[in-house]
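See below for coords15.txt, which holds compact mmCIF, C-alpha atoms and all ligand atoms.
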# COMPACT_ATOMS: atom_id res chain seq x y z
CA MET A 1169 -23.92 -10.39 -21.70
CA GLU A 1170 -22.25 -13.82 -21.81
CA PHE A 1171 -21.53 -15.29 -18.36
CA GLU A 1172 -20.60 -18.81 -19.48
CA LEU A 1173 -16.99 -19.84 -19.13
CA SER A 1174 -15.37 -21.08 -22.34
CA ALA A 1175 -15.16 -24.79 -23.17
CA GLU A 1176 -11.36 -24.60 -22.73
CA LEU A 1177 -11.71 -23.18 -19.22
CA LEU A 1178 -14.30 -25.78 -18.26
CA ALA A 1179 -12.04 -28.56 -19.58
CA LEU A 1180 -9.09 -27.19 -17.62
CA GLY A 1181 -11.24 -27.11 -14.46
CA GLU A 1182 -12.33 -30.72 -15.05
CA ASP A 1183 -8.70 -31.72 -15.59
CA ALA A 1184 -7.74 -30.11 -12.24
CA ARG A 1185 -10.69 -31.80 -10.53
CA GLU A 1186 -9.55 -35.17 -11.83
CA VAL A 1187 -5.98 -34.58 -10.61
CA GLY A 1188 -7.35 -33.35 -7.27
CA ARG A 1189 -9.69 -36.31 -6.84
CA ARG A 1190 -6.85 -38.76 -7.51
CA ALA A 1191 -4.59 -37.08 -4.94
CA ALA A 1192 -7.36 -36.69 -2.35
CA ALA A 1193 -8.28 -40.37 -2.61
CA LYS A 1194 -5.01 -41.16 -0.79
CA ILE A 1195 -5.95 -39.00 2.22
CA GLU A 1196 -8.29 -40.17 4.95
CA MET A 1197 -9.73 -36.71 5.69
CA PRO A 1198 -8.97 -34.41 2.75
CA GLU A 1199 -10.83 -31.30 3.93
CA ASP A 1200 -8.74 -28.12 4.39
CA SER A 1201 -5.86 -29.68 2.51
CA TRP A 1202 -4.79 -26.32 1.06
CA LEU A 1203 -3.76 -25.55 4.64
CA ILE A 1204 -2.85 -28.87 6.22
CA GLY A 1205 -2.14 -31.17 3.26
CA ASN A 1206 1.65 -31.10 3.07
CA ASP A 1207 2.83 -33.24 0.20
CA ARG A 1208 6.04 -32.18 -1.51
CA ALA A 1209 5.80 -34.85 -4.19
CA PHE A 1210 2.39 -33.48 -5.17
CA SER A 1211 3.86 -29.95 -5.30
CA ARG A 1212 6.40 -31.18 -7.81
CA GLU A 1213 3.61 -32.78 -9.82
CA LEU A 1214 1.76 -29.45 -9.85
CA ALA A 1215 4.97 -27.75 -10.98
CA GLU A 1216 5.42 -30.23 -13.82
CA ARG A 1217 1.89 -29.41 -14.98
CA GLY A 1218 2.73 -25.68 -14.87
CA TRP A 1219 0.14 -25.13 -12.14
CA ILE A 1220 2.32 -23.07 -9.78
CA GLY A 1221 2.92 -19.43 -10.66
CA MET A 1222 0.43 -19.80 -13.51
CA THR A 1223 -0.17 -16.07 -14.00
CA TRP A 1224 3.35 -14.89 -13.26
CA PRO A 1225 5.31 -13.37 -16.15
CA THR A 1226 7.27 -15.82 -18.31
CA GLU A 1227 10.47 -13.79 -17.86
CA HIS A 1228 10.28 -14.76 -14.19
CA GLY A 1229 9.62 -18.42 -14.95
CA GLY A 1230 5.83 -18.18 -14.65
CA GLN A 1231 3.36 -19.46 -17.22
CA GLY A 1232 1.94 -16.08 -18.25
CA ARG A 1233 -1.58 -17.53 -18.25
CA SER A 1234 -4.83 -15.75 -17.41
CA SER A 1235 -6.24 -15.32 -13.93
CA LEU A 1236 -9.35 -17.23 -15.05
CA GLU A 1237 -7.23 -20.22 -16.04
CA ARG A 1238 -5.57 -20.13 -12.64
CA PHE A 1239 -8.97 -19.87 -11.00
CA MET A 1240 -10.21 -23.01 -12.76
CA VAL A 1241 -7.14 -24.99 -11.69
CA VAL A 1242 -7.14 -23.79 -8.09
CA GLU A 1243 -10.87 -24.32 -7.67
CA GLY A 1244 -10.61 -27.82 -9.15
CA LEU A 1245 -7.78 -28.78 -6.82
CA ILE A 1246 -9.05 -27.28 -3.57
CA SER A 1247 -12.68 -28.26 -3.98
CA THR A 1248 -11.68 -31.90 -4.38
CA GLY A 1249 -9.32 -31.85 -1.40
CA ALA A 1250 -5.95 -32.00 -3.18
CA PRO A 1251 -3.00 -31.65 -0.74
CA ILE A 1252 -1.51 -28.41 -2.06
CA ALA A 1253 -0.32 -26.88 1.24
CA SER A 1254 3.38 -27.32 0.40
CA SER A 1255 3.11 -24.87 -2.48
CA TRP A 1256 -0.04 -22.90 -1.71
CA PHE A 1257 1.20 -20.02 0.47
CA ALA A 1258 4.03 -19.29 -1.94
CA ASP A 1259 1.76 -19.54 -4.97
CA ARG A 1260 -1.01 -17.44 -3.47
CA GLN A 1261 0.96 -14.84 -1.59
CA ILE A 1262 4.75 -14.92 -1.46
CA GLY A 1263 5.35 -15.07 -5.22
CA PRO A 1264 2.98 -12.16 -5.96
CA THR A 1265 4.60 -10.20 -3.11
CA LEU A 1266 8.12 -10.78 -4.47
CA LEU A 1267 6.91 -9.81 -7.93
CA GLN A 1268 5.37 -6.62 -6.60
CA PHE A 1269 7.81 -5.50 -3.91
CA GLY A 1270 10.97 -7.62 -4.31
CA THR A 1271 14.15 -6.69 -6.16
CA GLU A 1272 15.19 -8.36 -9.39
CA GLU A 1273 17.83 -10.30 -7.47
CA GLN A 1274 15.28 -11.51 -4.90
CA ARG A 1275 12.92 -12.66 -7.65
CA ARG A 1276 15.75 -14.53 -9.40
CA ARG A 1277 16.73 -16.13 -6.13
CA TRP A 1278 13.38 -17.27 -4.73
CA LEU A 1279 10.81 -17.58 -7.52
CA PRO A 1280 12.42 -20.59 -9.28
CA GLY A 1281 12.18 -22.77 -6.15
CA ILE A 1282 8.51 -21.88 -5.76
CA ILE A 1283 7.69 -22.50 -9.41
CA ALA A 1284 9.51 -25.86 -9.32
CA GLY A 1285 7.40 -26.92 -6.32
CA GLU A 1286 10.58 -27.43 -4.32
CA ALA A 1287 10.52 -24.61 -1.76
CA GLN A 1288 7.90 -24.47 0.98
CA TRP A 1289 7.09 -21.14 2.61
CA SER A 1290 5.26 -20.04 5.73
CA ILE A 1291 3.91 -16.68 6.82
CA GLY A 1292 5.21 -15.18 10.07
CA MET A 1293 2.82 -12.41 10.86
CA SER A 1294 0.72 -13.23 13.95
CA GLU A 1295 2.15 -13.02 17.47
CA PRO A 1296 0.64 -13.88 20.84
CA ASP A 1297 -0.47 -10.25 21.33
CA ALA A 1298 -0.68 -9.25 17.69
CA GLY A 1299 -3.24 -11.11 15.61
CA SER A 1300 -5.94 -8.82 14.29
CA ASP A 1301 -3.85 -5.86 15.29
CA VAL A 1302 -0.76 -6.27 13.11
CA ALA A 1303 0.53 -2.88 14.30
CA SER A 1304 1.22 -4.44 17.73
CA ILE A 1305 3.95 -6.74 16.36
CA ARG A 1306 6.89 -6.87 18.78
CA THR A 1307 9.39 -9.20 17.11
CA ARG A 1308 12.42 -6.98 16.57
CA ALA A 1309 14.91 -6.80 13.72
CA VAL A 1310 17.92 -4.65 14.50
CA ARG A 1311 20.44 -3.74 11.82
CA ASP A 1312 24.01 -4.81 12.55
CA GLY A 1313 26.35 -3.93 9.66
CA ASP A 1314 25.21 -5.82 6.58
CA ARG A 1315 22.81 -8.07 8.45
CA TRP A 1316 19.81 -7.95 10.77
CA ILE A 1317 19.46 -9.62 14.15
CA VAL A 1318 15.96 -10.92 14.86
CA ASN A 1319 14.50 -11.65 18.30
CA GLY A 1320 10.89 -12.47 19.13
CA GLN A 1321 8.08 -14.95 18.66
CA LYS A 1322 5.44 -15.79 16.08
CA ILE A 1323 2.38 -17.99 16.59
CA TRP A 1324 -0.16 -19.85 14.46
CA THR A 1325 2.43 -20.10 11.68
CA SER A 1326 0.91 -22.66 9.32
CA GLY A 1327 3.29 -25.28 8.01
CA ALA A 1328 6.30 -23.77 9.81
CA ALA A 1329 7.69 -27.16 10.82
CA ASP A 1330 7.85 -28.25 7.17
CA ALA A 1331 8.85 -24.92 5.64
CA ASP A 1332 12.18 -23.91 4.10
CA TRP A 1333 11.47 -20.18 4.45
CA ILE A 1334 9.40 -17.89 6.60
CA TYR A 1335 8.15 -14.54 5.35
CA LEU A 1336 8.62 -12.52 8.50
CA ILE A 1337 7.18 -9.20 9.61
CA ALA A 1338 9.29 -7.54 12.28
CA ARG A 1339 9.59 -4.19 13.97
CA THR A 1340 12.54 -2.22 12.59
CA ASP A 1341 11.78 1.20 14.07
CA PRO A 1342 10.53 1.09 17.67
CA ASP A 1343 10.21 4.88 17.79
CA ALA A 1344 7.88 5.24 14.80
CA ALA A 1345 4.07 5.10 15.08
CA PRO A 1346 3.17 1.41 15.62
CA HIS A 1347 2.06 0.74 12.04
CA GLN A 1348 4.97 2.64 10.51
CA GLY A 1349 7.95 0.83 12.02
CA LEU A 1350 7.48 -2.63 10.46
CA SER A 1351 9.49 -4.32 7.70
CA GLU A 1352 9.40 -7.66 5.87
CA PHE A 1353 12.16 -10.24 5.64
CA VAL A 1354 12.77 -13.62 4.09
CA VAL A 1355 14.33 -15.89 6.70
CA ALA A 1356 15.70 -19.38 6.13
CA MET A 1357 14.00 -21.78 8.52
CA ASP A 1358 17.25 -23.61 9.23
CA SER A 1359 18.93 -20.42 10.49
CA PRO A 1360 20.64 -20.92 13.88
CA GLY A 1361 18.47 -19.46 16.67
CA ILE A 1362 15.08 -20.53 15.26
CA THR A 1363 13.02 -22.98 17.34
CA ILE A 1364 9.72 -24.38 16.08
CA GLU A 1365 7.04 -25.82 18.36
CA PRO A 1366 3.99 -27.33 16.64
CA ILE A 1367 0.61 -26.60 18.32
CA THR A 1368 -2.07 -29.28 18.43
CA ASP A 1369 -5.43 -27.95 17.25
CA ALA A 1370 -8.91 -29.12 18.23
CA THR A 1371 -8.82 -31.88 15.62
CA GLY A 1372 -5.46 -33.23 16.75
CA ASN A 1373 -3.67 -31.73 13.74
CA ARG A 1374 -0.29 -30.05 14.25
CA HIS A 1375 0.04 -27.87 11.17
CA PHE A 1376 0.41 -24.51 12.88
CA CYS A 1377 3.32 -23.66 15.12
CA GLU A 1378 4.99 -21.28 17.47
CA VAL A 1379 8.27 -19.99 16.01
CA PHE A 1380 10.88 -18.49 18.32
CA PHE A 1381 13.73 -16.27 17.11
CA GLU A 1382 16.81 -15.84 19.28
CA ASN A 1383 19.54 -13.66 17.79
CA VAL A 1384 18.77 -14.96 14.31
CA GLU A 1385 21.02 -13.43 11.66
CA VAL A 1386 19.34 -12.33 8.45
CA PRO A 1387 21.35 -10.89 5.53
CA ASP A 1388 20.45 -7.32 4.54
CA GLY A 1389 19.52 -8.50 1.04
CA HIS A 1390 16.59 -10.41 2.58
CA LEU A 1391 14.63 -7.23 3.40
CA VAL A 1392 11.70 -7.15 0.97
CA GLY A 1393 10.23 -3.85 -0.18
CA ALA A 1394 10.45 -0.58 1.68
CA MET A 1395 12.16 -0.41 5.04
CA ASN A 1396 9.45 0.40 7.63
CA GLY A 1397 6.92 0.07 4.78
CA SER A 1398 5.41 -3.29 5.70
CA PHE A 1399 1.98 -2.02 6.67
CA ARG A 1400 1.15 -0.90 3.13
CA GLN A 1401 2.60 -4.14 1.73
CA VAL A 1402 0.60 -6.26 4.19
CA MET A 1403 -2.63 -4.60 3.10
CA ARG A 1404 -1.84 -5.60 -0.49
CA GLN A 1405 -0.88 -9.15 0.57
CA MET A 1406 -4.16 -9.48 2.45
CA GLU A 1407 -6.01 -8.85 -0.81
CA HIS A 1408 -4.22 -11.95 -2.22
CA GLU A 1409 -5.03 -13.86 0.95
CA ARG A 1410 -8.67 -13.02 1.51
CA GLY A 1411 -10.71 -12.95 -1.64
CA GLY A 1412 -9.78 -16.27 -3.25
CA ILE A 1413 -11.70 -19.48 -3.88
CA ASP A 1414 -9.79 -21.23 -1.06
CA ARG A 1415 -12.05 -19.30 1.33
CA LEU A 1416 -15.17 -20.90 -0.11
CA VAL A 1417 -14.38 -24.51 -0.94
CA SER A 1418 -12.20 -25.78 1.92
CA ASN A 1419 -14.89 -28.35 2.76
CA ARG A 1420 -16.58 -28.61 -0.63
CA ALA A 1421 -15.38 -32.22 -1.08
CA LEU A 1422 -17.26 -33.17 2.08
CA TYR A 1423 -20.37 -31.30 0.95
CA ASP A 1424 -20.27 -33.10 -2.41
CA LEU A 1425 -19.88 -36.45 -0.66
CA ILE A 1426 -22.90 -35.84 1.59
CA ARG A 1427 -24.95 -34.42 -1.28
CA GLU A 1428 -24.46 -37.65 -3.25
CA ASP A 1429 -26.92 -39.21 -0.79
CA LEU A 1430 -29.41 -36.36 -0.94
CA GLY A 1431 -31.99 -38.75 -2.36
CA ALA A 1432 -31.97 -40.54 0.99
CA ILE A 1433 -32.67 -37.32 2.91
CA THR A 1434 -36.40 -36.95 3.29
CA ASP A 1435 -36.58 -34.11 5.84
CA PRO A 1436 -37.94 -31.20 3.76
CA LEU A 1437 -36.23 -28.58 5.94
CA LEU A 1438 -32.86 -30.22 5.44
CA ARG A 1439 -33.46 -30.49 1.70
CA GLN A 1440 -34.32 -26.81 1.68
CA GLU A 1441 -31.01 -26.04 3.41
CA PHE A 1442 -29.15 -27.88 0.66
CA ALA A 1443 -31.01 -25.82 -1.92
CA ARG A 1444 -29.95 -22.67 -0.08
CA ALA A 1445 -26.37 -23.92 0.07
CA GLU A 1446 -26.34 -24.38 -3.70
CA SER A 1447 -27.44 -20.74 -4.09
CA VAL A 1448 -24.78 -19.43 -1.71
CA TYR A 1449 -22.06 -21.44 -3.47
CA THR A 1450 -23.10 -19.80 -6.76
CA ILE A 1451 -23.28 -16.27 -5.32
CA ALA A 1452 -19.99 -16.51 -3.43
CA ARG A 1453 -18.21 -18.07 -6.43
CA ASN A 1454 -19.36 -15.13 -8.57
CA MET A 1455 -17.99 -12.77 -5.91
CA VAL A 1456 -14.62 -14.51 -6.06
CA LEU A 1457 -14.75 -14.39 -9.87
CA ARG A 1458 -15.28 -10.65 -9.76
CA GLU A 1459 -12.04 -10.40 -7.83
CA VAL A 1460 -10.30 -12.80 -10.22
CA VAL A 1461 -11.14 -10.75 -13.32
CA GLY A 1462 -10.08 -7.52 -11.60
CA GLN A 1463 -13.56 -5.97 -11.42
CA ALA A 1464 -13.90 -5.88 -7.63
CA PRO A 1465 -13.97 -2.52 -5.90
CA PRO A 1466 -11.40 -1.82 -3.13
CA GLY A 1467 -12.15 -3.75 0.04
CA TRP A 1468 -14.23 -6.34 -1.80
CA SER A 1469 -12.10 -9.21 -0.52
CA ALA A 1470 -13.25 -8.43 3.05
CA ILE A 1471 -16.85 -8.90 1.94
CA THR A 1472 -16.09 -12.08 0.01
CA LYS A 1473 -14.11 -13.62 2.86
CA THR A 1474 -16.77 -12.82 5.43
CA LEU A 1475 -19.59 -14.32 3.38
CA ALA A 1476 -17.60 -17.33 2.17
CA THR A 1477 -16.03 -18.39 5.46
CA GLU A 1478 -19.22 -17.96 7.49
CA PHE A 1479 -20.79 -20.17 4.85
CA GLU A 1480 -18.04 -22.79 5.20
CA ILE A 1481 -19.01 -23.09 8.87
CA GLU A 1482 -22.67 -23.50 7.84
CA VAL A 1483 -21.63 -26.23 5.38
CA ALA A 1484 -19.82 -28.15 8.13
CA ASN A 1485 -22.89 -27.97 10.36
CA LEU A 1486 -25.25 -28.84 7.52
CA CYS A 1487 -23.20 -31.96 6.75
CA GLY A 1488 -23.45 -32.81 10.45
CA ARG A 1489 -27.24 -32.50 10.45
CA ALA A 1490 -27.47 -34.59 7.27
CA LEU A 1491 -25.33 -37.34 8.78
CA GLY A 1492 -27.31 -37.28 12.03
CA ALA A 1493 -26.06 -39.36 14.97
CA GLY A 1494 -23.06 -40.50 12.89
CA ALA A 1495 -21.62 -37.03 13.36
CA MET A 1496 -20.97 -37.92 17.00
CA LEU A 1497 -18.32 -40.42 15.89
CA TRP A 1498 -14.85 -39.39 14.70
CA ASN A 1499 -15.05 -39.05 10.94
CA ARG A 1500 -14.72 -36.45 8.15
CA VAL A 1501 -17.91 -34.68 9.22
CA SER A 1502 -17.14 -34.39 12.93
CA ARG A 1503 -13.53 -33.43 12.16
CA ASN A 1504 -14.76 -30.66 9.90
CA ILE A 1505 -17.23 -29.38 12.50
CA CYS A 1506 -14.38 -29.18 15.03
CA TYR A 1507 -12.14 -27.43 12.54
CA ALA A 1508 -14.74 -25.01 11.14
CA PRO A 1509 -14.36 -22.15 13.68
CA ALA A 1510 -10.90 -21.59 12.14
CA TYR A 1511 -12.45 -20.44 8.86
CA THR A 1512 -13.60 -17.10 10.23
CA LEU A 1513 -10.41 -16.53 12.24
CA MET A 1514 -7.52 -17.09 9.84
CA GLY A 1515 -6.70 -14.36 7.35
CA GLY A 1516 -8.60 -11.78 9.40
CA THR A 1517 -11.52 -12.43 11.72
CA THR A 1518 -15.10 -11.85 10.68
CA GLN A 1519 -15.52 -9.08 13.24
CA VAL A 1520 -12.46 -7.22 12.00
CA LEU A 1521 -13.49 -7.67 8.37
CA ARG A 1522 -16.96 -6.33 9.19
CA ASN A 1523 -15.24 -3.25 10.64
CA ILE A 1524 -13.33 -2.87 7.37
CA VAL A 1525 -16.51 -3.21 5.34
CA GLY A 1526 -18.35 -0.69 7.53
CA GLU A 1527 -15.61 1.89 7.81
CA ARG A 1528 -13.57 1.60 4.63
CA VAL A 1529 -16.00 0.20 2.06
CA LEU A 1530 -19.30 1.75 3.15
CA GLY A 1531 -17.76 4.81 4.83
CA LEU A 1532 -19.94 4.48 7.92
CA PRO A 1533 -19.03 6.69 10.88
CA ARG A 1534 -16.73 5.13 13.49
CA GLU A 1535 -18.05 4.54 16.96
CA PRO A 1536 -16.62 7.27 19.23
CA ARG A 1537 -13.88 5.98 21.53
CA GLY A 1538 -15.06 5.07 25.03
CA SER A 1539 -18.73 4.79 24.06
C1 LIG B 1601 -6.08 -22.26 11.01
C2 LIG B 1601 -5.30 -21.00 11.21
C3 LIG B 1601 -4.13 -20.80 10.49
C4 LIG B 1601 -3.39 -19.63 10.68
N1 LIG B 1601 -2.22 -19.49 9.97
C5 LIG B 1601 -1.46 -18.37 10.17
C6 LIG B 1601 -0.21 -18.22 9.49
O1 LIG B 1601 0.22 -19.07 8.70
N2 LIG B 1601 0.53 -17.12 9.76
C7 LIG B 1601 0.11 -16.14 10.62
O2 LIG B 1601 0.81 -15.15 10.78
N3 LIG B 1601 -1.07 -16.25 11.29
C8 LIG B 1601 -1.86 -17.35 11.08
N4 LIG B 1601 -3.05 -17.49 11.76
C9 LIG B 1601 -3.42 -16.48 12.77
C10 LIG B 1601 -4.57 -15.61 12.34
O3 LIG B 1601 -4.16 -14.67 11.38
C11 LIG B 1601 -5.08 -14.92 13.63
O4 LIG B 1601 -5.68 -15.95 14.40
C12 LIG B 1601 -6.10 -13.86 13.34
O5 LIG B 1601 -5.49 -12.76 12.71
C13 LIG B 1601 -6.77 -13.37 14.65
O6 LIG B 1601 -5.82 -13.01 15.57
P1 LIG B 1601 -5.85 -13.60 17.07
O7 LIG B 1601 -5.98 -15.08 16.97
O8 LIG B 1601 -4.68 -13.04 17.79
O9 LIG B 1601 -7.19 -13.06 17.71
P2 LIG B 1601 -7.45 -11.57 18.29
O10 LIG B 1601 -6.96 -10.56 17.32
O11 LIG B 1601 -6.90 -11.52 19.67
O12 LIG B 1601 -9.03 -11.54 18.35
C14 LIG B 1601 -9.77 -12.19 19.38
C15 LIG B 1601 -11.23 -11.85 19.17
O13 LIG B 1601 -11.42 -10.42 19.27
C16 LIG B 1601 -12.03 -9.92 18.11
N5 LIG B 1601 -11.47 -8.61 17.76
C17 LIG B 1601 -10.15 -8.26 17.74
N6 LIG B 1601 -10.00 -6.98 17.35
C18 LIG B 1601 -11.25 -6.50 17.09
C19 LIG B 1601 -11.77 -5.25 16.66
N7 LIG B 1601 -10.95 -4.22 16.36
N8 LIG B 1601 -13.12 -5.13 16.52
C20 LIG B 1601 -13.95 -6.17 16.80
N9 LIG B 1601 -13.52 -7.38 17.23
C21 LIG B 1601 -12.20 -7.55 17.37
C22 LIG B 1601 -11.72 -10.94 17.01
O14 LIG B 1601 -12.68 -10.91 15.99
C23 LIG B 1601 -11.73 -12.24 17.78
O15 LIG B 1601 -13.04 -12.73 17.89
C24 LIG B 1601 -3.82 -18.64 11.60
C25 LIG B 1601 -5.01 -18.84 12.31
C26 LIG B 1601 -5.74 -20.00 12.14
C27 LIG B 1601 -7.02 -20.18 12.92

Any chance you could put this one into structure tokens?
Ligand SMILES: Cc1cc2nc3c(=O)[nH]c(=O)nc-3n(C[C@H](O)[C@H](O)[C@H](O)COP(=O)(O)OP(=O)(O)OC[C@H]3O[C@@H](n4cnc5c(N)ncnc54)[C@H](O)[C@@H]3O)c2cc1C
Amino acid sequence: MEFELSAELLALGEDAREVGRRAAAKIEMPEDSWLIGNDRAFSRELAERGWIGMTWPTEHGGQGRSSLERFMVVEGLISTGAPIASSWFADRQIGPTLLQFGTEEQRRRWLPGIIAGEAQWSIGMSEPDAGSDVASIRTRAVRDGDRWIVNGQKIWTSGAADADWIYLIARTDPDAAPHQGLSEFVVAMDSPGITIEPITDATGNRHFCEVFFENVEVPDGHLVGAMNGSFRQVMRQMEHERGGIDRLVSNRALYDLIREDLGAITDPLLRQEFARAESVYTIARNMVLREVVGQAPPGWSAITKTLATEFEIEVANLCGRALGAGAMLWNRVSRNICYAPAYTLMGGTTQVLRNIVGERVLGLPREPRGS
């Protein structure tokens, strides 16, 4: 069996790495830039290269290229710290969702802006009392003639302050079972009644936000997919969100920087840890690739995300140990150590994903309630 990637794919990956390195060189701390690196000009550059919507059908303005080609580009960009946050959520999640669940009219309306790198999207799922438990969402959308009226609050909405659109999950049937009364809407961020409050995280960054909705009007044509059918759609969206290379290489640029000086590290235990890290990178990348080529069994993304994001935390700490006392100063390493706990929270916490792996993938018995 031939595991090597073709020369064309490797060249494409190197091309993306070069573009990523150039863009990252302008940023002081380029780690996690798929999440916090908002740069609209760079989004337009990606669009000009045909690197947004790469695998989407050409009739919808996509490039119709293979998932492996997209993998090479995305890995090259994220692992070098390219600031792709302005286009990333739409490229990773919203576009595929519109292609799968949207109407023809919705695709015609929203995909071109994404593909052109012009429209920035955010994801309005989590609420103060509904993070892991999506079924607890309380934000309400009530139909009023040919529109919906939305009231409620979202939290941890990445990039909301810079976004043009929010992909909102709201409760549309309060009488249905909790997971059955939810629907999805596209809401313009400049709609009257929306207030956005950035939250400062442990590193001083303000990328995620609280978003408040007060009698926000949303046209009926902005409901995406089945009314009260969000739960099934969310499960599909999570597969886009969890199993990708972004979960493995958020701090790869930092790792590569520290590894450049490996010759200067004489501590054999530390050197051994770098050897282990190389192995985990290879294993986890192959797990992502399995997903990319469509050979992963159901639930695989929960396994990949758990392994990869726990490893990202290890990488941050390993870089800290390699730097030594310098990690007590404010720099890329200490910033990444402060940021690292986020890896196993966002997109589904490690504990919740382990439940999924145990119950849905391995079919283990559930712990009886109250035990
Ligand atoms: C950097 C970052 C960016 C984010 N961006 C977005 C975004 O753009 N849009 C968005 O909607 N959300 C976003 N989130 C929110 C993220 O999805 C939630 O933080 C996550 O789903 C966990 O929810 P929670 O924070 O409410 O924690 P909770 O669900 O309250 O969990 C608290 C703790 O309890 C544990 N726990 C909860 N339920 C169980 C269970 N059943 N079994 C075992 N343990 C359990 C969890 O593992 C965790 O340790 C972001 C989060 C971060 C950190």

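Comparing A:Met1395, A:Val1461, A:Met1455, A:Leu1203 by their smallest distance to ligand LIG 1601 (chain B), the closest is A:Leu1203 (using only C-alpha atoms and all ligand atoms).
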
Surrounding residues as a PyMOL selection string, ligand LIG 1601 (chain B), max 10 Å, only C-alpha atoms and all ligand atoms: chain A and resi 1200+1203-1204+1257+1289-1302+1322-1328+1334-1337+1369+1375-1378+1507-1524

Given 6 Å on each side, where is the centre and what are the edge lengths in Å to one decimal of the axis-aligned box enclosing the listed atoms of segment 1215-1225 of chain A, as lines of an AutoDock Vina configuration file?
center_x = 2.6
center_y = -21.8
center_z = -13.0
size_x = 17.6
size_y = 28.9
size_z = 18.4

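Proximity ranking of A:Ile1362, A:Ala1495, A:Ala1179, A:Ile1220 relative to Pro1280 of chain A places A:Ile1220 first, based on only C-alpha atoms.
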
Could you check which residues have any atom within 12 Å of (-15.7, -20.0, -2.6), counting all atoms listed in the file with coordinates taken straight from the file, and then list them as a PyMOL selection string? chain A and resi 1239-1240+1242-1244+1246-1247+1410-1420+1445-1460+1469+1472-1480+1483+1511

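As for atom CA of Gln1348 of chain A and atom CA of Leu1391 of chain A, they are spaced 15.5 Å apart.
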